[in-house]
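Everything below concerns the one structure shown next.
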Amino acid sequence: MARETSSEIANLHELLVREVVDYAIYMLNPDGQVISWNTGAERIKGYSEAEILGTHFSRFYTDEDREAGIPARALQTAADIGRLAAEGWRVRRDGSRFWAMVVIDAIYQDGSVMGFAKITRDMTEQRAVQMAALDSERRFRLLIESVTDYAICMLDTVGFVTHWNAGAERITGYRAIDIIGRHFEDFYAEEDKVLGLPALALLTARAEGRYGIEGWRVRRDGSRFWASVVLDPIYDNGILVGFAKITRDLTERRDTQLQLEASRQQLFQAQKMEAVGQLTGGLAHDFNNVLTGIIGSLTLIEARIRAGRRDGLDRYIAAAQGAAARAAALTHRLLAFARRQTLDAKVTEINTLILNMGELVRQTVGRRVKLSTDLEPDLWTVCCDPNQLESAILNLCLNARDAMPSGGCIVIHTGNLALLGRAASDLRLANGDYIAVAVSDTGTGMTTEVLARAFDPFFTTKPIGQGTGLGLSMIHGFAEQSGGRARIASEPGAGTTVTLYLPRYHGALPEEIEKGQAIDLSFSDRRGSTILVVDDEEAIRMLIVEVLDDLGYICLEASDSESALAQLQDHPEVDLLITDVGLPGDMNGRQMAEAARSSLPDLKVLFITGYADSAVIGETFGLGTRVLGKPFSLDVLMNQVRDLCS
């Protein structure tokens with residue numbers, strides 16, 4: 001291939017420059033007249049080559065720039081230092097303006113300027129984008145800096161303040177000049193700094209993408225305010241460059257919430273006092289009935305004995321015991337409402353319990369009501385108080401009977417349920433397996449208003465004297481104490497279904513579910529055991545000691561904790577402590593038993609109580625401890641004593 005001549009290369013270069021369309025490339029003589037003109041110059045500026053050759057390049061400048069002498073200074077600068085780079089407005093042939101990026105290079109020959117090469121590029125669109133971004137950033141900065149309800153600041157990667165808005169100054173009292181460059185932990189209370197909470201906030205925000213918390217913060221004057229704080233990490237191309245921190249002063253809101261809570265407590269107390277008033281009518285009537293039965297029966301027993309007659313004594317004794325049992329049931333209802341009754345949880349087979357109480361329910365609801373069951377064949381077991389569950393089912397059947405004055409049908413259902421997600425949350429239960437026990441009737445049903453209050457204590461639709469309104473609240477309390485829930489579904493004229501949801505028992509089944517046993521009156525193998533009986537109620541103490549003496553136990557007595565501990569110190573041979581929980585004085589029965597166990601670690605304890613939390617007692621004392629709820633029968637007491645002393 002023939003080597004190109006320098007003339008050919010020059011021609012090729014000139015052709016290339018001339019055909020470029022994205023840049024205006026042209027030459028000026030030393031005085032600034034245009035001596036060459038390419039296609040890009042014509043496209044960008046609008047002048048043809050014939051129109052522009054020989055004219056001065058200053059015609060492309062705005063009038064104000066020409067008046068300011070900018071074209072001449074541009075050529076002089078390029079001549080002096082060899083190059084000028086600048087940006088500014090330029091004018092097209094039609095008078096419109098465009099934003100130009102300009103480079104002017106001086107061309108030298110023998111040390112003298114023989115002309116200039118000038119390149120111009122139209123940057124109008126790029127500048128518009130940049131200006132829009134700058135304007136947006138400026139507006140955003142002004143917006144952030146002018147916000148006064150929120151303290152908005154920027155932190156570097158280790159927590160030092162780099163930006164500070166007007167809201168931050170108003171809320172914290174620090175000016176930007178005071179705080180920029182300081183660490184944000186300055187706003188934390190001293191106790192929070194000791195715990196390392198500022199560092200934890202940064203770590204959490206970085207690890208989880210956001211950190212939010214409420215707590216006390218400190219102003220410049222040392223006063224505290226209740227703050228809601230959000231901390232967000234800021235990344236640039238995946239690299240952490242800092243944190244955005246937004247703080248809001250919620251002191252007034254928190255004070256309002258505390259006042260509202262205090263008002264709620266006052267309202268609750270007022271409602272409680274009103275409830276006690278509502279309780280008086282129905283409950284006083286029921287207690288007066290049972291007390292009349294007890295007093296009357298005892299009076300007749302006394303009269304018969306004085307007259308030397310024994311006929312009818314069994315009947316009067318049975319009547320007194322039955323009335324006392326009804327009084328005990330009323331007390332249990334009250335304690336269930338207060339969620340303070342002592343539950344004796346056992347592994348329970350609910351289907352067996354329902355079948356065993358079938359005849360009792362049939363006799364109770366009467367002949368006009370048809371009773372049937374729909375029981376899950378392979379029903380899971382539960383761990384609950386079977387007596388309380390039996391009482392709950394019986395109460396539901398009685399309510400169903402009362403809702404069907406002309407007769408109807410009651411169905412007792414059982415089933416296994418796996419409650420997950422929405423199904424569990426709707427019942428406010430944890431995800432898991434539950435047993436459903438439901439009692440359905442074909443009665444009158446409930447209105448929306450009655451249904452909303454059905455579980456409220458003392459609420460009843462029955463006439464005064466015919467109900468205390470504690471039945472359903474007792475059932476509700478029992479279900480919650482057992483780790484479950486109670487729910488009602490009802491519509492007027494469509495009957496009612498009350499369902500108990502009880503958690504499934506996953507432990508091993510006992511060999512045999514405990515059943516009631518008759519008391520064994522033989523006691524020869526238990527002679528010699530020493531028992532200390534502690535109760536401030538003389539009559540109860542007397543009855544317990546009498547029956548223990550009759551059975552051959554050695555008995556000691558005390559009426560309070562102080563005298564009981566003195567007895568234990570004098571008689572370390574005591575095998576069993578029977579004590580009421582609610583003793584008078586500075587030390588209750590539970591505390592006294594703890595003190596006794598410190599010196600007699602093997603001492604067995606039987607708590608008797610009508611108002612205690614057995615779970616707390618059990619966790620504290622473990623093995624060798626029992627709890628017996630008042631009122632109790634003496635045969636049940638003796639079975640507990642024999643078991644503990646065996």
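How things are named: the first chain in the structure tokens is A, the next is B, and so on; residues count from 1 in each chain; ligands count from 1 in the order shown.
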Quiz prompt | Who sits within 7 Å of Thr444 (chain A), only C-alpha atoms, same chain under 4 positions skipped, as a PyMOL selection string | solution = chain A and resi 403-404+492-495
Practice problem: Give the helix (DSSP H, G or I) residues of region 350-599 of chain A, as assigned by DSSP on the backbone, as a PyMOL selection string. | Solution: chain A and resi 350-356+358-365+386-402+422-426+448-453+471-481+524-526+538-550+561-570+589-599
Quiz prompt | 9 Å contact set for Asp249 (chain A), only C-alpha atoms, chain neighbours under 6 positions out, as a ChimeraX atom specification | solution = /A:149-151,171,225-228
Could you write those residues out with C-alpha atoms, as a PDB file, in the first residue's frame?
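Now in selection.pdb:
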```
ATOM      1  CA  ASP A 149     -41.718  19.540  64.644  1.00  0.00           C
ATOM      2  CA  TYR A 150     -38.985  16.980  63.981  1.00  0.00           C
ATOM      3  CA  ALA A 151     -35.314  17.019  64.890  1.00  0.00           C
ATOM      4  CA  ILE A 171     -36.344  20.432  70.402  1.00  0.00           C
ATOM      5  CA  PHE A 225     -38.023  14.923  77.106  1.00  0.00           C
ATOM      6  CA  TRP A 226     -39.733  11.725  75.948  1.00  0.00           C
ATOM      7  CA  ALA A 227     -38.524  11.067  72.414  1.00  0.00           C
ATOM      8  CA  SER A 228     -39.514   8.878  69.500  1.00  0.00           C
TER       9      SER A 228
END
```
Quiz prompt | Filtered DSSP result for region 91-252 of chain A, state strand (DSSP E), as a PyMOL selection string | solution = chain A and resi 91+97-109+112-122+151-155+161-164+211-218+224-236+239-249
Quiz prompt | Between CA of Thr447 (chain A) and CA of Glu491 (chain A), distance in Å (one decimal) | solution =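 So the answer is 6.3 Å.
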Self-check item: Which residue of A:Ala199, A:Ile410, A:Ala452, A:Ile531 approaches Val369 (chain A) most closely, using only C-alpha atoms
Solution: A:Ile410
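Atom pair CA of Glu49 (chain A) / CA of Val21 (chain A): separated by 13.9 Å.
Here CA of Ala324 (chain A) is placed at a distance of 16.1 Å from CA of Leu300 (chain A).
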Could you give me, as a tab-separated table (two decimals) with N, CA and C atoms, in the first residue's frame, the residues within 8 Å of Tyr23 (chain A), counting only C-alpha atoms and dropping anything in the same chain fewer than 3 positions from it?
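What landed in around.tsv:
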```
chain	number	residue	atom	x	y	z
A	20	VAL	N	-17.86	16.37	11.67
A	20	VAL	CA	-18.34	16.16	13.05
A	20	VAL	C	-19.58	17.00	13.29
A	40	GLY	N	-20.85	20.59	12.45
A	40	GLY	CA	-21.38	20.68	13.81
A	40	GLY	C	-21.64	22.11	14.21
A	41	ALA	N	-20.76	23.06	13.78
A	41	ALA	CA	-20.97	24.47	14.10
A	41	ALA	C	-22.25	24.97	13.46
A	44	ILE	N	-25.24	23.44	15.42
A	44	ILE	CA	-25.45	23.95	16.77
A	44	ILE	C	-25.81	25.44	16.76
A	119	ILE	N	-13.64	24.96	20.19
A	119	ILE	CA	-14.60	23.84	20.22
A	119	ILE	C	-15.75	24.21	21.15
A	120	THR	N	-16.95	24.07	20.67
A	120	THR	CA	-18.15	24.39	21.47
A	120	THR	C	-19.10	23.20	21.46
A	121	ARG	N	-19.66	22.89	22.65
A	121	ARG	CA	-20.64	21.80	22.74
A	121	ARG	C	-21.91	22.31	23.41
A	122	ASP	N	-23.05	21.91	22.85
A	122	ASP	CA	-24.35	22.32	23.39
A	122	ASP	C	-24.67	21.44	24.62
```
Which residues come within 9 Å of Ala489 (chain A), counting only C-alpha atoms, excluding same-chain residues fewer than 3 positions away, as a PDB file with all heavy atoms, in the first residue's frame?
```pdb
ATOM      1  N   GLY A 445     -81.403 -17.252  72.046  1.00  0.00           N
ATOM      2  CA  GLY A 445     -80.247 -16.529  71.527  1.00  0.00           C
ATOM      3  C   GLY A 445     -80.053 -15.189  72.211  1.00  0.00           C
ATOM      4  O   GLY A 445     -80.805 -14.800  73.117  1.00  0.00           O
ATOM      5  N   MET A 446     -79.038 -14.458  71.786  1.00  0.00           N
ATOM      6  CA  MET A 446     -78.694 -13.173  72.400  1.00  0.00           C
ATOM      7  C   MET A 446     -78.700 -12.062  71.357  1.00  0.00           C
ATOM      8  O   MET A 446     -78.307 -12.282  70.220  1.00  0.00           O
ATOM      9  CB  MET A 446     -77.293 -13.231  73.036  1.00  0.00           C
ATOM     10  CG  MET A 446     -77.094 -14.286  74.081  1.00  0.00           C
ATOM     11  SD  MET A 446     -75.397 -14.189  74.740  1.00  0.00           S
ATOM     12  CE  MET A 446     -75.354 -15.700  75.718  1.00  0.00           C
ATOM     13  N   LEU A 451     -74.812  -9.956  73.845  1.00  0.00           N
ATOM     14  CA  LEU A 451     -73.623 -10.743  73.516  1.00  0.00           C
ATOM     15  C   LEU A 451     -72.346  -9.989  73.875  1.00  0.00           C
ATOM     16  O   LEU A 451     -71.380 -10.579  74.360  1.00  0.00           O
ATOM     17  CB  LEU A 451     -73.636 -11.075  72.022  1.00  0.00           C
ATOM     18  CG  LEU A 451     -72.514 -11.987  71.505  1.00  0.00           C
ATOM     19  CD1 LEU A 451     -72.556 -13.337  72.198  1.00  0.00           C
ATOM     20  CD2 LEU A 451     -72.629 -12.161  69.990  1.00  0.00           C
ATOM     21  N   GLY A 495     -80.404 -19.587  68.736  1.00  0.00           N
ATOM     22  CA  GLY A 495     -79.668 -20.344  69.736  1.00  0.00           C
ATOM     23  C   GLY A 495     -78.295 -19.759  70.040  1.00  0.00           C
ATOM     24  O   GLY A 495     -77.899 -18.720  69.503  1.00  0.00           O
ATOM     25  N   THR A 496     -77.587 -20.452  70.914  1.00  0.00           N
ATOM     26  CA  THR A 496     -76.278 -19.978  71.401  1.00  0.00           C
ATOM     27  C   THR A 496     -75.300 -21.146  71.474  1.00  0.00           C
ATOM     28  O   THR A 496     -75.688 -22.265  71.821  1.00  0.00           O
ATOM     29  CB  THR A 496     -76.419 -19.345  72.795  1.00  0.00           C
ATOM     30  OG1 THR A 496     -77.296 -18.215  72.714  1.00  0.00           O
ATOM     31  CG2 THR A 496     -75.067 -18.901  73.339  1.00  0.00           C
ATOM     32  N   THR A 497     -74.053 -20.874  71.156  1.00  0.00           N
ATOM     33  CA  THR A 497     -72.972 -21.848  71.349  1.00  0.00           C
ATOM     34  C   THR A 497     -71.851 -21.167  72.114  1.00  0.00           C
ATOM     35  O   THR A 497     -71.342 -20.132  71.688  1.00  0.00           O
ATOM     36  CB  THR A 497     -72.433 -22.367  70.009  1.00  0.00           C
ATOM     37  OG1 THR A 497     -73.471 -23.065  69.318  1.00  0.00           O
ATOM     38  CG2 THR A 497     -71.262 -23.325  70.242  1.00  0.00           C
ATOM     39  N   VAL A 498     -71.480 -21.745  73.240  1.00  0.00           N
ATOM     40  CA  VAL A 498     -70.344 -21.266  74.023  1.00  0.00           C
ATOM     41  C   VAL A 498     -69.239 -22.311  73.890  1.00  0.00           C
ATOM     42  O   VAL A 498     -69.461 -23.494  74.162  1.00  0.00           O
ATOM     43  CB  VAL A 498     -70.702 -21.055  75.499  1.00  0.00           C
ATOM     44  CG1 VAL A 498     -69.491 -20.511  76.258  1.00  0.00           C
ATOM     45  CG2 VAL A 498     -71.874 -20.094  75.634  1.00  0.00           C
ATOM     46  N   THR A 499     -68.057 -21.859  73.466  1.00  0.00           N
ATOM     47  CA  THR A 499     -66.942 -22.778  73.219  1.00  0.00           C
ATOM     48  C   THR A 499     -65.768 -22.437  74.118  1.00  0.00           C
ATOM     49  O   THR A 499     -65.377 -21.269  74.232  1.00  0.00           O
ATOM     50  CB  THR A 499     -66.488 -22.702  71.746  1.00  0.00           C
ATOM     51  OG1 THR A 499     -67.614 -22.946  70.896  1.00  0.00           O
ATOM     52  CG2 THR A 499     -65.404 -23.739  71.465  1.00  0.00           C
TER      53      THR A 499
END
```
